[in-house]
Amino acid sequence: FEIETRKGKVTVSDDEKPGQVDATKIPSLRAAFEKDGTVTAGNASAISDGAAALVMMRASEAEKRGLTPVARILAHSTHAQEPDWFTTAPVEAIRKVLDKAGWSAKDVDLYEINEAFAVVALAAMREHKLPAEKVNIHGGAIALGHPIGASGARIVVTLLNALKNTGGKKGIASLCIGGGEATAMAFELL
């Protein structure tokens, strides 16, 4: 697609990250935080450019303005724990939002779980017994990038579009937000 800039049109034909991986080098990547650690550049997201926009309002306001809502938020939760365990904080945020929404993990059509590191989504999948085909179906932040300051909006937009495209109705978006904290939201397409 083309983007109009002050210097003229710029054509973007390839995504910036997925095509740049040499899979043969992944096993030899050094650990990022600990000498014998498992987090490497190969299983962590890249900081990337990105943008997403959401317009939120009460249903009554949308009706007054003649707008058709895409989805509604059924529940929201937060969770905080020891900062060293920030990657597992979404597990509890998801548990809380499921309880608030009155859903079981199986009731949810799709999950979008931000993954600064692969272990974030993997921990949620293990703890909630989520099948891979329901989680980050477009690749998550490792494949799509991690736009700092836009991550929450990006995962919500990705989730809502994925629900629409797959015929799903119920979705949960969750992300770790640093310092041992996480948030989760339950959505229902209208």
# chains A, B, ... in the order shown; residues from 1 in each chain; ligands from 1
$ select_by_dssp --residues "segment 17-177 of chain A" --states "alpha helix (DSSP H)" --output "PyMOL selection string"
chain A and resi 59-65+89-101+118-128+140-144+151-166
$ write_last_selection --atoms "C-alpha atoms" --output "PDB file, in the first residue's frame"
ATOM      1  CA  ALA A  59     -24.503   2.163  23.480  1.00  0.00           C
ATOM      2  CA  SER A  60     -26.929   5.029  24.092  1.00  0.00           C
ATOM      3  CA  GLU A  61     -24.402   7.530  22.718  1.00  0.00           C
ATOM      4  CA  ALA A  62     -23.780   5.397  19.615  1.00  0.00           C
ATOM      5  CA  GLU A  63     -27.530   5.222  19.023  1.00  0.00           C
ATOM      6  CA  LYS A  64     -27.879   8.988  19.473  1.00  0.00           C
ATOM      7  CA  ARG A  65     -25.139   9.541  16.869  1.00  0.00           C
ATOM      8  CA  ALA A  89       0.429 -12.087  35.199  1.00  0.00           C
ATOM      9  CA  PRO A  90      -1.991 -12.385  32.225  1.00  0.00           C
ATOM     10  CA  VAL A  91      -2.890 -15.905  33.431  1.00  0.00           C
ATOM     11  CA  GLU A  92      -4.606 -14.432  36.488  1.00  0.00           C
ATOM     12  CA  ALA A  93      -6.035 -11.417  34.644  1.00  0.00           C
ATOM     13  CA  ILE A  94      -7.663 -13.843  32.187  1.00  0.00           C
ATOM     14  CA  ARG A  95      -8.971 -16.008  35.042  1.00  0.00           C
ATOM     15  CA  LYS A  96     -10.551 -12.935  36.655  1.00  0.00           C
ATOM     16  CA  VAL A  97     -12.121 -11.646  33.432  1.00  0.00           C
ATOM     17  CA  LEU A  98     -13.572 -15.082  32.658  1.00  0.00           C
ATOM     18  CA  ASP A  99     -15.185 -15.093  36.113  1.00  0.00           C
ATOM     19  CA  LYS A 100     -16.558 -11.567  35.686  1.00  0.00           C
ATOM     20  CA  ALA A 101     -17.978 -12.381  32.243  1.00  0.00           C
ATOM     21  CA  ALA A 118       6.578 -16.156  23.806  1.00  0.00           C
ATOM     22  CA  VAL A 119       6.212 -17.467  27.353  1.00  0.00           C
ATOM     23  CA  VAL A 120       3.382 -14.978  28.045  1.00  0.00           C
ATOM     24  CA  ALA A 121       0.965 -16.629  25.620  1.00  0.00           C
ATOM     25  CA  LEU A 122       2.341 -20.114  26.327  1.00  0.00           C
ATOM     26  CA  ALA A 123       1.744 -19.757  30.082  1.00  0.00           C
ATOM     27  CA  ALA A 124      -1.855 -18.663  29.499  1.00  0.00           C
ATOM     28  CA  MET A 125      -2.387 -21.513  27.046  1.00  0.00           C
ATOM     29  CA  ARG A 126      -1.052 -24.058  29.529  1.00  0.00           C
ATOM     30  CA  GLU A 127      -2.884 -22.751  32.596  1.00  0.00           C
ATOM     31  CA  HIS A 128      -6.248 -22.281  30.862  1.00  0.00           C
ATOM     32  CA  GLY A 140       0.863 -12.160  18.027  1.00  0.00           C
ATOM     33  CA  ALA A 141       3.490  -9.553  18.822  1.00  0.00           C
ATOM     34  CA  ILE A 142       6.452 -11.754  17.935  1.00  0.00           C
ATOM     35  CA  ALA A 143       5.219 -11.961  14.346  1.00  0.00           C
ATOM     36  CA  LEU A 144       3.417  -8.611  14.104  1.00  0.00           C
ATOM     37  CA  SER A 151      -0.066  -2.485  22.166  1.00  0.00           C
ATOM     38  CA  GLY A 152      -3.432  -2.489  23.921  1.00  0.00           C
ATOM     39  CA  ALA A 153      -5.256  -0.906  20.999  1.00  0.00           C
ATOM     40  CA  ARG A 154      -3.407  -3.162  18.557  1.00  0.00           C
ATOM     41  CA  ILE A 155      -4.450  -6.369  20.279  1.00  0.00           C
ATOM     42  CA  VAL A 156      -8.086  -5.239  20.599  1.00  0.00           C
ATOM     43  CA  VAL A 157      -8.292  -4.266  16.915  1.00  0.00           C
ATOM     44  CA  THR A 158      -6.586  -7.541  15.931  1.00  0.00           C
ATOM     45  CA  LEU A 159      -8.960  -9.549  18.137  1.00  0.00           C
ATOM     46  CA  LEU A 160     -12.136  -7.866  16.872  1.00  0.00           C
ATOM     47  CA  ASN A 161     -11.103  -8.276  13.229  1.00  0.00           C
ATOM     48  CA  ALA A 162     -10.137 -11.916  13.802  1.00  0.00           C
ATOM     49  CA  LEU A 163     -13.519 -12.609  15.425  1.00  0.00           C
ATOM     50  CA  LYS A 164     -15.302 -10.976  12.503  1.00  0.00           C
ATOM     51  CA  ASN A 165     -13.247 -12.848   9.896  1.00  0.00           C
ATOM     52  CA  THR A 166     -13.691 -16.249  11.562  1.00  0.00           C
TER      53      THR A 166
END
$ select_by_dssp --residues "segment 10-186 of chain A" --states "strand (DSSP E)" --output "VMD selection string"
chain A and resid 10 to 11 71 to 80 110 to 113 170 to 176 181 to 186
$ write_last_selection --atoms "C-alpha atoms" --output "PDB file, in the first residue's frame"
ATOM      1  CA  VAL A  10       6.198   5.644   0.002  1.00  0.00           C
ATOM      2  CA  THR A  11       5.179   2.145  -1.059  1.00  0.00           C
ATOM      3  CA  ALA A  71     -18.520  -4.961  19.854  1.00  0.00           C
ATOM      4  CA  ARG A  72     -19.208  -4.461  23.512  1.00  0.00           C
ATOM      5  CA  ILE A  73     -16.968  -4.876  26.526  1.00  0.00           C
ATOM      6  CA  LEU A  74     -18.484  -7.406  28.922  1.00  0.00           C
ATOM      7  CA  ALA A  75     -15.806  -7.390  31.604  1.00  0.00           C
ATOM      8  CA  HIS A  76     -12.407  -5.991  32.502  1.00  0.00           C
ATOM      9  CA  SER A  77      -9.838  -7.181  35.019  1.00  0.00           C
ATOM     10  CA  THR A  78      -6.373  -6.423  36.276  1.00  0.00           C
ATOM     11  CA  HIS A  79      -3.846  -8.440  38.207  1.00  0.00           C
ATOM     12  CA  ALA A  80      -0.523  -7.635  39.859  1.00  0.00           C
ATOM     13  CA  LEU A 110     -10.477 -16.332  20.235  1.00  0.00           C
ATOM     14  CA  TYR A 111      -7.787 -14.944  22.514  1.00  0.00           C
ATOM     15  CA  GLU A 112      -5.313 -12.199  21.695  1.00  0.00           C
ATOM     16  CA  ILE A 113      -2.559 -12.312  24.311  1.00  0.00           C
ATOM     17  CA  LYS A 170     -16.588 -13.953  22.086  1.00  0.00           C
ATOM     18  CA  GLY A 171     -12.997 -12.862  22.585  1.00  0.00           C
ATOM     19  CA  ILE A 172     -10.507 -11.991  25.278  1.00  0.00           C
ATOM     20  CA  ALA A 173      -7.631  -9.556  24.895  1.00  0.00           C
ATOM     21  CA  SER A 174      -4.897  -9.554  27.533  1.00  0.00           C
ATOM     22  CA  LEU A 175      -1.465  -8.113  28.012  1.00  0.00           C
ATOM     23  CA  CYS A 176       1.260  -7.843  30.595  1.00  0.00           C
ATOM     24  CA  GLU A 181       0.900  -6.263  36.182  1.00  0.00           C
ATOM     25  CA  ALA A 182      -1.567  -7.443  33.540  1.00  0.00           C
ATOM     26  CA  THR A 183      -5.000  -6.562  32.242  1.00  0.00           C
ATOM     27  CA  ALA A 184      -7.677  -8.451  30.335  1.00  0.00           C
ATOM     28  CA  MET A 185     -10.949  -7.551  28.635  1.00  0.00           C
ATOM     29  CA  ALA A 186     -13.826  -9.745  27.478  1.00  0.00           C
TER      30      ALA A 186
END
$ atom_distance --atom1 "atom CA of Glu34 of chain A" --atom2 "atom CA of Ile148 of chain A"
23.9 Å
$ atom_distance --atom1 "atom CA of Lys106 of chain A" --atom2 "atom CA of Leu130 of chain A"
7.7 Å
